[in-house]
$ cat query_25.csv   # CSV, C-alpha atoms and all ligand atoms
chain,number,residue,atom,x,y,z
A,442,MET,CA,57.5,-54.2,-26.1
A,443,THR,CA,60.2,-52.3,-28.0
A,444,LYS,CA,59.6,-48.7,-29.3
A,445,THR,CA,59.7,-50.1,-32.8
A,446,GLN,CA,57.1,-52.8,-32.2
A,447,GLU,CA,54.8,-50.2,-30.6
A,448,PHE,CA,55.3,-48.0,-33.7
A,449,ILE,CA,54.4,-50.9,-36.0
A,450,ASN,CA,51.3,-51.8,-33.9
A,451,ALA,CA,50.1,-48.3,-34.2
A,452,ILE,CA,50.1,-48.6,-38.0
A,453,ILE,CA,49.2,-52.0,-39.3
A,454,PRO,CA,45.8,-53.5,-38.7
A,455,HIS,CA,46.2,-57.3,-38.9
A,456,LYS,CA,48.6,-59.9,-40.3
A,457,ILE,CA,46.5,-62.2,-42.4
A,458,ALA,CA,48.7,-63.0,-45.4
A,459,LYS,CA,47.3,-63.2,-48.9
A,460,LYS,CA,50.5,-65.2,-49.5
A,461,THR,CA,52.0,-63.0,-52.1
A,462,GLY,CA,52.3,-59.4,-53.0
A,463,THR,CA,54.1,-57.0,-55.4
A,464,GLY,CA,55.4,-53.5,-55.0
A,465,LEU,CA,57.0,-51.0,-57.3
A,466,ALA,CA,58.7,-47.7,-56.3
A,467,ASP,CA,61.0,-45.2,-57.9
A,468,VAL,CA,64.2,-43.7,-56.7
A,469,ASN,CA,64.2,-40.1,-55.5
A,470,ILE,CA,66.9,-37.5,-55.5
A,471,ALA,CA,66.9,-35.1,-52.5
A,472,LEU,CA,67.1,-31.4,-53.4
A,473,SER,CA,67.4,-30.7,-49.7
A,474,LYS,CA,69.2,-33.6,-48.0
A,475,TYR,CA,68.5,-35.8,-45.0
A,476,TRP,CA,71.8,-36.2,-43.1
A,477,GLY,CA,71.7,-37.3,-39.5
A,478,LYS,CA,69.4,-39.2,-37.2
A,479,ARG,CA,68.0,-38.1,-33.9
A,480,ASP,CA,66.8,-41.7,-33.1
A,481,SER,CA,68.4,-44.6,-34.8
A,482,GLU,CA,65.9,-47.2,-33.6
A,483,LEU,CA,62.9,-45.4,-35.1
A,484,ASN,CA,65.1,-44.0,-37.9
A,485,LEU,CA,64.1,-40.4,-37.1
A,486,PRO,CA,66.0,-37.6,-38.9
A,487,THR,CA,67.5,-34.5,-37.4
A,488,ASN,CA,66.1,-32.4,-40.3
A,489,SER,CA,63.3,-32.4,-42.9
A,490,SER,CA,64.2,-33.0,-46.5
A,491,LEU,CA,62.7,-32.5,-50.0
A,492,SER,CA,63.1,-34.7,-53.1
A,493,ILE,CA,62.0,-35.4,-56.7
A,494,SER,CA,61.1,-38.9,-57.7
A,495,LEU,CA,62.6,-40.3,-60.9
A,496,PRO,CA,60.0,-42.4,-62.9
A,497,GLY,CA,61.2,-45.6,-64.5
A,498,LEU,CA,64.3,-45.9,-62.2
A,499,GLY,CA,63.6,-47.9,-59.2
A,500,THR,CA,62.7,-51.3,-57.7
A,501,ARG,CA,60.2,-54.0,-58.2
A,502,THR,CA,59.7,-56.4,-55.3
A,503,GLN,CA,57.7,-59.6,-54.9
A,504,VAL,CA,57.1,-61.0,-51.4
A,505,SER,CA,55.7,-64.3,-50.5
A,506,VAL,CA,55.2,-65.9,-47.1
A,507,HIS,CA,56.6,-69.4,-46.7
A,508,ASN,CA,54.6,-72.1,-45.0
A,509,ASN,CA,57.1,-74.8,-45.6
A,510,ALA,CA,58.5,-76.2,-42.3
A,511,ASP,CA,61.8,-77.1,-44.0
A,512,ILE,CA,62.6,-73.4,-44.6
A,513,THR,CA,64.3,-71.9,-41.7
A,514,SER,CA,65.4,-68.5,-43.0
A,515,ASP,CA,64.3,-65.8,-45.5
A,516,GLN,CA,65.1,-66.5,-49.1
A,517,ILE,CA,66.3,-63.3,-50.6
A,518,TRP,CA,66.9,-62.8,-54.3
A,519,LEU,CA,68.5,-59.5,-55.7
A,520,ASN,CA,68.5,-59.0,-59.4
A,521,ASN,CA,67.9,-62.8,-60.0
A,522,GLN,CA,70.8,-63.8,-57.7
A,523,LYS,CA,70.1,-65.7,-54.4
A,524,LEU,CA,71.9,-64.0,-51.5
A,525,ASP,CA,73.6,-65.8,-48.7
A,526,ALA,CA,72.0,-65.2,-45.3
A,527,ASP,CA,75.1,-63.3,-44.1
A,528,ASN,CA,75.1,-61.0,-47.1
A,529,PRO,CA,74.8,-57.4,-45.6
A,530,PHE,CA,71.9,-56.5,-47.9
A,531,ALA,CA,70.1,-59.7,-46.9
A,532,THR,CA,70.8,-59.2,-43.2
A,533,ARG,CA,69.4,-55.7,-43.2
A,534,LEU,CA,66.3,-56.8,-45.1
A,535,SER,CA,65.7,-59.8,-42.7
A,536,LYS,CA,66.1,-57.5,-39.7
A,537,PHE,CA,63.4,-55.2,-41.2
A,538,LEU,CA,61.2,-58.2,-42.0
A,539,ASP,CA,61.4,-59.3,-38.3
A,540,LEU,CA,58.9,-56.5,-37.7
A,541,PHE,CA,56.3,-58.2,-39.8
A,542,ARG,CA,56.5,-62.0,-38.9
A,543,ALA,CA,53.3,-63.5,-37.7
A,544,THR,CA,55.4,-66.0,-35.7
A,545,PRO,CA,59.1,-66.2,-35.2
A,546,SER,CA,59.2,-69.1,-37.7
A,547,THR,CA,57.4,-67.1,-40.4
A,548,TYR,CA,59.9,-66.7,-43.3
A,549,PHE,CA,59.6,-64.7,-46.5
A,550,GLU,CA,60.8,-65.1,-50.0
A,551,ILE,CA,61.8,-61.8,-51.4
A,552,ASN,CA,62.5,-61.2,-55.1
A,553,THR,CA,63.8,-57.7,-55.7
A,554,LYS,CA,65.0,-56.2,-58.9
A,555,ASN,CA,66.6,-52.8,-59.2
A,556,THR,CA,66.8,-50.8,-62.4
A,557,VAL,CA,69.5,-48.7,-60.7
A,558,PRO,CA,72.9,-50.1,-59.6
A,559,THR,CA,72.7,-51.2,-56.0
A,560,ALA,CA,74.5,-48.9,-53.5
A,561,ALA,CA,76.1,-46.6,-56.1
A,562,GLY,CA,74.8,-43.4,-54.6
A,563,LEU,CA,71.7,-43.6,-56.7
A,564,ALA,CA,69.5,-44.2,-53.7
A,565,SER,CA,68.5,-47.8,-54.4
A,566,SER,CA,67.7,-48.3,-50.7
A,567,ALA,CA,65.0,-45.6,-51.1
A,568,SER,CA,63.1,-47.4,-53.9
A,569,GLY,CA,64.1,-50.7,-52.3
A,570,TYR,CA,62.4,-50.3,-48.9
A,571,ALA,CA,59.5,-48.4,-50.4
A,572,ALA,CA,58.8,-51.2,-52.9
A,573,LEU,CA,59.2,-53.8,-50.1
A,574,VAL,CA,56.6,-52.0,-47.9
A,575,LEU,CA,54.2,-51.7,-50.9
A,576,ALA,CA,54.7,-55.4,-51.5
A,577,LEU,CA,54.0,-56.3,-47.8
A,578,ASN,CA,50.9,-54.1,-47.9
A,579,ASP,CA,49.7,-56.0,-50.9
A,580,CYS,CA,50.7,-59.4,-49.4
A,581,PHE,CA,49.0,-58.8,-46.0
A,582,ASP,CA,46.2,-56.8,-47.5
A,583,TRP,CA,46.7,-54.0,-45.0
A,584,GLN,CA,45.2,-51.3,-47.3
A,585,LEU,CA,47.4,-48.6,-45.7
A,586,THR,CA,47.3,-45.0,-46.7
A,587,LYS,CA,50.3,-43.4,-48.4
A,588,LYS,CA,51.2,-41.6,-45.1
A,589,ASP,CA,51.3,-45.0,-43.2
A,590,LEU,CA,53.3,-46.6,-46.0
A,591,SER,CA,55.7,-43.7,-45.8
A,592,LEU,CA,56.1,-44.2,-42.1
A,593,LEU,CA,56.8,-47.9,-42.5
A,594,ALA,CA,59.2,-47.3,-45.4
A,595,ARG,CA,61.1,-44.8,-43.2
A,596,LEU,CA,62.0,-47.6,-40.7
A,597,GLY,CA,63.7,-49.5,-43.5
A,598,SER,CA,65.6,-46.5,-44.9
A,599,GLY,CA,64.9,-42.8,-44.2
A,600,SER,CA,64.9,-41.7,-47.9
A,601,ALA,CA,62.4,-44.6,-48.7
A,602,SER,CA,59.8,-42.5,-46.9
A,603,ARG,CA,59.9,-40.2,-49.9
A,604,SER,CA,59.8,-42.9,-52.6
A,605,VAL,CA,56.2,-43.8,-51.8
A,606,TYR,CA,55.2,-40.8,-53.9
A,607,ASP,CA,55.8,-39.3,-57.4
A,608,GLY,CA,57.0,-35.8,-58.2
A,609,PHE,CA,58.2,-33.4,-55.5
A,610,VAL,CA,58.0,-34.8,-52.0
A,611,ILE,CA,58.7,-33.3,-48.6
A,612,TRP,CA,59.6,-35.5,-45.6
A,613,HIS,CA,58.7,-33.7,-42.4
A,614,LYS,CA,61.2,-34.5,-39.7
A,615,GLY,CA,58.4,-34.6,-37.0
A,616,ASN,CA,58.9,-33.9,-33.3
A,617,ALA,CA,57.0,-36.8,-31.5
A,618,GLU,CA,59.1,-39.3,-29.6
A,619,ASN,CA,57.0,-42.2,-31.0
A,620,GLY,CA,58.0,-41.2,-34.6
A,621,LEU,CA,54.4,-41.2,-35.9
A,622,ASP,CA,54.7,-37.6,-37.2
A,623,SER,CA,57.8,-38.2,-39.3
A,624,PHE,CA,56.5,-39.1,-42.7
A,625,ALA,CA,56.6,-37.8,-46.3
A,626,GLU,CA,53.9,-36.2,-48.4
A,627,THR,CA,53.6,-35.0,-51.9
A,628,ILE,CA,54.0,-31.3,-53.0
A,629,ASN,CA,51.2,-31.0,-55.5
A,630,THR,CA,53.0,-29.4,-58.5
A,631,CYS,CA,53.4,-30.5,-62.0
A,632,TRP,CA,56.5,-29.0,-63.8
A,633,PRO,CA,56.8,-30.7,-67.2
A,634,GLU,CA,59.9,-28.6,-68.2
A,635,PHE,CA,61.8,-29.8,-65.1
A,636,CYS,CA,64.7,-32.2,-66.0
A,637,VAL,CA,67.2,-34.3,-64.1
A,638,GLY,CA,70.4,-35.6,-65.7
A,639,LEU,CA,72.2,-38.5,-64.2
A,640,LEU,CA,76.0,-38.3,-64.6
A,641,GLU,CA,77.5,-41.6,-63.7
A,642,ILE,CA,81.1,-41.2,-62.6
A,643,ASP,CA,81.6,-44.6,-60.8
A,644,LEU,CA,78.9,-47.2,-60.2
A,645,LYS,CA,80.9,-49.4,-57.8
A,646,ALA,CA,79.5,-49.8,-54.3
A,647,LYS,CA,80.8,-47.0,-52.0
A,648,LYS,CA,83.1,-47.8,-49.1
A,649,ILE,CA,81.0,-46.1,-46.4
A,650,GLY,CA,77.2,-46.3,-46.7
A,651,SER,CA,74.9,-43.4,-45.8
A,652,THR,CA,73.8,-44.9,-42.5
A,653,ALA,CA,77.4,-45.1,-41.2
A,654,GLY,CA,78.5,-41.9,-42.9
A,655,MET,CA,75.8,-39.8,-41.3
A,656,GLN,CA,76.5,-41.3,-37.9
A,657,GLN,CA,80.2,-40.6,-38.2
A,658,THR,CA,79.4,-37.0,-39.2
A,659,VAL,CA,76.9,-36.4,-36.3
A,660,ASN,CA,79.5,-37.7,-33.8
A,661,HIS,CA,82.7,-36.3,-35.2
A,662,CYS,CA,82.1,-33.1,-37.1
A,663,ALA,CA,82.1,-29.7,-35.3
A,664,LEU,CA,80.5,-28.0,-38.3
A,665,TYR,CA,77.5,-30.4,-38.1
A,666,GLN,CA,75.9,-28.2,-35.5
A,667,ALA,CA,75.0,-25.7,-38.1
A,668,TRP,CA,73.4,-28.3,-40.5
A,669,PRO,CA,69.9,-29.0,-39.1
A,670,GLU,CA,68.8,-25.4,-39.0
A,671,LYS,CA,70.2,-24.7,-42.5
A,672,ALA,CA,68.6,-27.8,-43.9
A,673,GLU,CA,65.2,-26.8,-42.4
A,674,GLU,CA,65.4,-23.3,-44.0
A,675,ASP,CA,66.5,-24.8,-47.3
A,676,VAL,CA,63.4,-27.2,-47.4
A,677,LYS,CA,61.1,-24.2,-46.9
A,678,ALA,CA,62.8,-22.0,-49.5
A,679,ILE,CA,63.0,-24.9,-52.1
A,680,GLN,CA,59.3,-25.6,-51.5
A,681,GLN,CA,58.5,-22.0,-52.2
A,682,ALA,CA,60.7,-22.0,-55.3
A,683,ILE,CA,58.8,-25.0,-56.6
A,684,VAL,CA,55.4,-23.4,-56.0
A,685,GLN,CA,56.6,-20.2,-57.8
A,686,LYS,CA,58.3,-22.3,-60.5
A,687,ASP,CA,61.5,-20.2,-59.9
A,688,PHE,CA,64.0,-22.6,-61.3
A,689,SER,CA,67.2,-20.5,-60.7
A,690,GLN,CA,66.3,-20.1,-57.1
A,691,LEU,CA,65.6,-23.9,-56.7
A,692,GLY,CA,68.8,-24.9,-58.5
A,693,ALA,CA,71.0,-22.5,-56.4
A,694,LEU,CA,69.4,-23.7,-53.2
A,695,ALA,CA,69.7,-27.4,-54.1
A,696,GLU,CA,73.4,-27.1,-55.2
A,697,ASN,CA,74.3,-25.1,-52.1
A,698,ASN,CA,72.5,-27.6,-49.8
A,699,ALA,CA,74.3,-30.6,-51.3
A,700,LEU,CA,77.7,-28.8,-51.0
A,701,SER,CA,76.9,-27.9,-47.4
A,702,MET,CA,76.1,-31.5,-46.6
A,703,HIS,CA,79.4,-32.6,-48.2
A,704,ALA,CA,81.2,-29.9,-46.3
A,705,THR,CA,80.1,-31.6,-43.0
A,706,MET,CA,81.3,-35.0,-44.3
A,707,ILE,CA,84.7,-33.6,-45.3
A,708,ALA,CA,85.1,-31.8,-41.9
A,709,THR,CA,84.4,-35.1,-40.1
A,710,TRP,CA,87.3,-37.0,-38.5
A,711,PRO,CA,88.3,-39.4,-40.0
A,712,PRO,CA,87.1,-37.5,-43.1
A,713,ILE,CA,84.5,-38.8,-45.5
A,714,LEU,CA,84.9,-37.8,-49.1
A,715,TYR,CA,82.7,-39.4,-51.8
A,716,TRP,CA,84.0,-37.3,-54.6
A,717,GLN,CA,86.4,-38.5,-57.3
A,718,PRO,CA,88.6,-36.3,-59.6
A,719,GLU,CA,85.9,-36.7,-62.3
A,720,SER,CA,83.2,-35.5,-59.9
A,721,VAL,CA,85.1,-32.2,-59.4
A,722,GLU,CA,85.7,-31.9,-63.1
A,723,ALA,CA,82.0,-32.3,-63.8
A,724,MET,CA,81.2,-29.6,-61.1
A,725,GLN,CA,83.6,-27.3,-62.9
A,726,THR,CA,81.9,-27.9,-66.2
A,727,VAL,CA,78.5,-27.1,-64.6
A,728,TRP,CA,79.9,-23.8,-63.3
A,729,ALA,CA,81.4,-23.0,-66.7
A,730,LEU,CA,78.1,-23.7,-68.4
A,731,ARG,CA,76.4,-21.4,-65.8
A,732,GLU,CA,78.9,-18.6,-66.6
A,733,SER,CA,78.0,-19.0,-70.2
A,734,GLY,CA,74.3,-18.3,-69.4
A,735,ILE,CA,73.0,-21.9,-69.2
A,736,ASP,CA,70.9,-22.4,-66.1
A,737,VAL,CA,72.2,-25.8,-64.8
A,738,TYR,CA,72.9,-26.9,-61.2
A,739,PHE,CA,74.0,-30.1,-59.6
A,740,THR,CA,73.3,-32.1,-56.5
A,741,MET,CA,75.2,-35.2,-55.1
A,742,ASP,CA,74.5,-37.8,-52.5
A,743,ALA,CA,76.7,-40.3,-50.7
A,744,GLY,CA,78.6,-41.2,-53.8
A,745,PRO,CA,80.7,-39.7,-56.6
A,746,ASN,CA,77.9,-39.3,-59.2
A,747,LEU,CA,76.3,-36.0,-60.1
A,748,LYS,CA,72.6,-35.3,-60.7
A,749,LEU,CA,72.1,-32.3,-62.9
A,750,LEU,CA,69.1,-30.0,-62.6
A,751,PHE,CA,67.9,-28.0,-65.6
A,752,LEU,CA,64.9,-27.1,-67.8
A,753,GLU,CA,63.9,-28.6,-71.1
A,754,LYS,CA,65.0,-25.5,-73.1
A,755,ASP,CA,68.6,-26.2,-72.1
A,756,ALA,CA,68.6,-30.0,-72.5
A,757,ASP,CA,70.4,-30.1,-75.8
A,758,ALA,CA,73.2,-27.8,-74.7
A,759,ILE,CA,73.7,-29.8,-71.5
A,760,GLN,CA,73.7,-33.1,-73.3
A,761,GLN,CA,76.3,-31.7,-75.6
A,762,ALA,CA,78.5,-30.8,-72.7
A,763,PHE,CA,77.9,-34.2,-71.0
A,764,PRO,CA,77.3,-36.8,-73.8
A,765,LYS,CA,76.9,-39.7,-71.4
A,766,LEU,CA,74.2,-37.9,-69.4
A,767,LYS,CA,71.0,-39.9,-68.8
A,768,LEU,CA,68.1,-37.6,-69.1
A,769,ILE,CA,65.0,-38.0,-66.9
A,770,ARG,CA,61.8,-36.0,-67.2
A,771,PRO,CA,60.1,-36.5,-63.9
A,772,PHE,CA,56.7,-35.2,-65.0
A,773,HIS,CA,56.4,-37.0,-68.4
B,1,LIG,C1,72.8,-38.4,-48.8
B,1,LIG,O1,68.1,-42.9,-46.5
B,1,LIG,O2,70.1,-44.1,-47.3
B,1,LIG,O3,71.0,-39.7,-49.9
B,1,LIG,O4,68.0,-43.9,-43.3
B,1,LIG,O5,70.3,-44.8,-42.9
B,1,LIG,O6,68.9,-45.8,-44.7
B,1,LIG,P1,69.2,-44.5,-43.9
B,1,LIG,O7,69.9,-43.5,-44.9
B,1,LIG,P2,69.5,-43.1,-46.4
B,1,LIG,O8,70.3,-41.7,-46.5
B,1,LIG,C2,70.2,-40.9,-47.6
B,1,LIG,C3,71.2,-39.8,-47.5
B,1,LIG,C4,71.3,-39.0,-48.8
B,1,LIG,C5,70.4,-37.7,-48.7
B,1,LIG,C6,68.9,-37.9,-48.9
B,1,LIG,O9,68.6,-38.8,-49.8
B,1,LIG,O10,68.2,-37.2,-48.4
$ encode --input "query_25.csv" --output "structure tokens" --more "lines below"
Ligand code: DP6
Amino acid sequence: MTKTQEFINAIIPHKIAKKTGTGLADVNIALSKYWGKRDSELNLPTNSSLSISLPGLGTRTQVSVHNNADITSDQIWLNNQKLDADNPFATRLSKFLDLFRATPSTYFEINTKNTVPTAAGLASSASGYAALVLALNDCFDWQLTKKDLSLLARLGSGSASRSVYDGFVIWHKGNAENGLDSFAETINTCWPEFCVGLLEIDLKAKKIGSTAGMQQTVNHCALYQAWPEKAEEDVKAIQQAIVQKDFSQLGALAENNALSMHATMIATWPPILYWQPESVEAMQTVWALRESGIDVYFTMDAGPNLKLLFLEKDADAIQQAFPKLKLIRPFH
């Protein structure tokens, strides 16, 4: 039995399909990033991470189990379009579904709809695999706890472990070799004034996805050595800033964490640079706003888009500086 199959068997109780199930999950933005795996098979991270979920932006997935003998592959629909079996999105999904087939000839029909552009650095794989696991849980009637759902979602995509929850979420890296202690949980804080602004610079799919990008960084960046320890400290400090509602501290830590992650990418050979000239221009506008006394910070993932962090009192001023900003209030 493979390590992954052992992992699955430790979590799911039985495989009696109800035939169909639905799952809904939101995207999340990491304030302290996950970048690097210590075990690719079990998708275990080198460091813990901390995120905020964005309500209303995410994925809705429907799963059904096929019993029709004429069907010999999964039927995968993304945003109402049927994908070819060799489409990379479909291949990755089918490989994940292999873990949940009652027999090798059990096939699924998956209907998944994103309300965020797929693969544009807005973490659609996070909401995607979380929604898929929720739909499977419904379809097979597993009745799993959030912790177990988070463990399963992690196998699909690391950041998906955090999308099982609303609000602020921490994903503990864990230490166990079997991966059963690497799951996310909620940080029980409600912060109604907390805002996230999405600044879309370019929504085209990126050339190098996060899975390949982090692997390349781990293998070919001398600066990466310093990352896991820094990331672990940042998670603790950001968690404390959340509990104390110290926004300036949270913003500064999150911005520095994102730039440190990007520094490891840039120092990789061959280099990985997700930024575009407009990304840098937007960073400079954020810094100018800060100099003028407005408490705004940014974070960025594996793409050119910026996510701004600020409080409600500054929302108007920030929207004036960035007219195209999409404003999200995670606690409303
Ligand atoms: C930069 O979760 O997409 O967004 O586990 O390989 O699917 P895989 O990676 P993924 O990586 C996310 C990287 C990030 C930072 C973060 O969300 O923590």
$ atom_distance --input "query_25.csv" --atom1 "atom CA of A:Ser535" --atom2 "atom CA of A:Gln516"
9.3 Å
$ closest_residue --input "query_25.csv" --among "A:Tyr570, A:Leu730, A:Lys648, A:Asp527" --to "A:Gln760" --atoms "all atoms listed in the file"
A:Leu730
$ axis_aligned_box --input "query_25.csv" --around "ligand LIG 1 (chain B)" --padding-each-side "3 Å" --output "AutoDock Vina command-line options"
--center_x 70.4 --center_y -41.5 --center_z -46.4 --size_x 10.8 --size_y 14.6 --size_z 13.0
$ closest_residue --input "query_25.csv" --among "A:Gly497, A:Gly569, A:Pro745, A:Pro486" --to "A:Ala625" --atoms "all atoms listed in the file"
A:Pro486
$ atom_distance --input "query_25.csv" --atom1 "atom CA of A:Lys767" --atom2 "atom CA of A:Ser651"
23.6 Å
$ closest_residue --input "query_25.csv" --among "A:Gln761, A:Thr532, A:Thr487, A:Asn469" --to "A:Lys614" --atoms "only C-alpha atoms"
A:Thr487
$ residues_near_ligand --input "query_25.csv" --ligand "ligand LIG 1 (chain B)" --cutoff "7 Å" --atoms "only C-alpha atoms and all ligand atoms" --output "NGL selection string"
:A and (470-471 or 473-476 or 484 or 490 or 564 or 566-567 or 595 or 597-601 or 651-652 or 742-743)
$ atom_distance --input "query_25.csv" --atom1 "atom CA of A:Lys587" --atom2 "atom CA of A:Val605"
6.8 Å
$ closest_residue --input "query_25.csv" --among "A:Ala762, A:Leu768, A:Val506, A:Leu694" --to "A:Ala543" --atoms "only C-alpha atoms"
A:Val506
$ closest_atom_pairs --input "query_25.csv" --of "stretch 697-749 of chain A" --to "stretch 662-670 of chain A" --cutoff "9 Å" --atoms "all atoms listed in the file" --output "tab-separated table"
residue	atom	partner	partner_atom	distance
A:Ser701	CA	A:Trp668	CA	7.7
A:Met702	CA	A:Trp668	CA	7.4
A:Ala704	CA	A:Leu664	CA	8.3
A:Thr705	CA	A:Tyr665	CA	5.7
A:Met706	CA	A:Cys662	CA	7.5
A:Ile707	CA	A:Cys662	CA	8.6
A:Ala708	CA	A:Cys662	CA	5.8
A:Thr709	CA	A:Cys662	CA	4.3
A:Trp710	CA	A:Cys662	CA	6.6
A:Pro712	CA	A:Cys662	CA	9.0
$ residues_around --input "query_25.csv" --residues "A:Asn619" --least-positions-apart "4" --cutoff "12 Å" --atoms "all atoms listed in the file" --output "list in words"
Thr443, Lys444, Thr445, Gln446, Glu447, Phe448, Ile449, Asn450, Ala451, Ile452, Asp480, Glu482, Leu483, Asn484, Leu485, Leu592, Gly615 and Ser623 of chain A
$ write_last_selection --input "query_25.csv" --atoms "C-alpha atoms" --output "tab-separated table (two decimals), in the frame of the given file"
chain	number	residue	atom	x	y	z
A	443	THR	CA	60.20	-52.30	-28.00
A	444	LYS	CA	59.60	-48.70	-29.30
A	445	THR	CA	59.70	-50.10	-32.80
A	446	GLN	CA	57.10	-52.80	-32.20
A	447	GLU	CA	54.80	-50.20	-30.60
A	448	PHE	CA	55.30	-48.00	-33.70
A	449	ILE	CA	54.40	-50.90	-36.00
A	450	ASN	CA	51.30	-51.80	-33.90
A	451	ALA	CA	50.10	-48.30	-34.20
A	452	ILE	CA	50.10	-48.60	-38.00
A	480	ASP	CA	66.80	-41.70	-33.10
A	482	GLU	CA	65.90	-47.20	-33.60
A	483	LEU	CA	62.90	-45.40	-35.10
A	484	ASN	CA	65.10	-44.00	-37.90
A	485	LEU	CA	64.10	-40.40	-37.10
A	592	LEU	CA	56.10	-44.20	-42.10
A	615	GLY	CA	58.40	-34.60	-37.00
A	623	SER	CA	57.80	-38.20	-39.30
$ residues_around --input "query_25.csv" --residues "A:Leu750" --least-positions-apart "6" --cutoff "6 Å" --atoms "all atoms listed in the file" --output "PDB file with C-alpha atoms, in the frame of the given file"
ATOM      1  CA  CYS A 636      64.700 -32.200 -66.000  1.00  0.00           C
ATOM      2  CA  VAL A 637      67.200 -34.300 -64.100  1.00  0.00           C
ATOM      3  CA  VAL A 737      72.200 -25.800 -64.800  1.00  0.00           C
ATOM      4  CA  TYR A 738      72.900 -26.900 -61.200  1.00  0.00           C
ATOM      5  CA  PHE A 739      74.000 -30.100 -59.600  1.00  0.00           C
TER       6      PHE A 739
END
$ closest_atom_pairs --input "query_25.csv" --of "stretch 566-682 of chain A" --to "stretch 717-726 of chain A" --cutoff "12 Å" --atoms "all atoms listed in the file" --output "Markdown table"
| residue | atom | partner | partner_atom | distance |
| --- | --- | --- | --- | --- |
| A:Leu639 | CA | A:Ala723 | CA | 11.6 |
| A:Leu640 | CA | A:Ala723 | CA | 8.5 |
| A:Glu641 | CA | A:Ser720 | CA | 9.2 |
| A:Ile642 | CA | A:Glu719 | CA | 6.6 |
| A:Asp643 | CA | A:Gln717 | CA | 8.5 |
| A:Leu644 | CA | A:Gln717 | CA | 11.8 |
| A:Lys647 | CA | A:Gln717 | CA | 11.5 |
$ closest_residue --input "query_25.csv" --among "A:Ile551, A:Leu766, A:Ala594, A:Val504" --to "A:Leu519" --atoms "all atoms listed in the file"
A:Ile551
$ closest_residue --input "query_25.csv" --among "A:Ser602, A:Asn528, A:Leu472, A:Lys645" --to "A:Asn698" --atoms "all atoms listed in the file"
A:Leu472
$ residues_near_point --input "query_25.csv" --point "(55.4, -27.3, -65.2)" --cutoff "12 Å" --atoms "only C-alpha atoms" --output "MDAnalysis selection string"
chainID A and resid 608:609 629:636 683:688 752:753 770:773
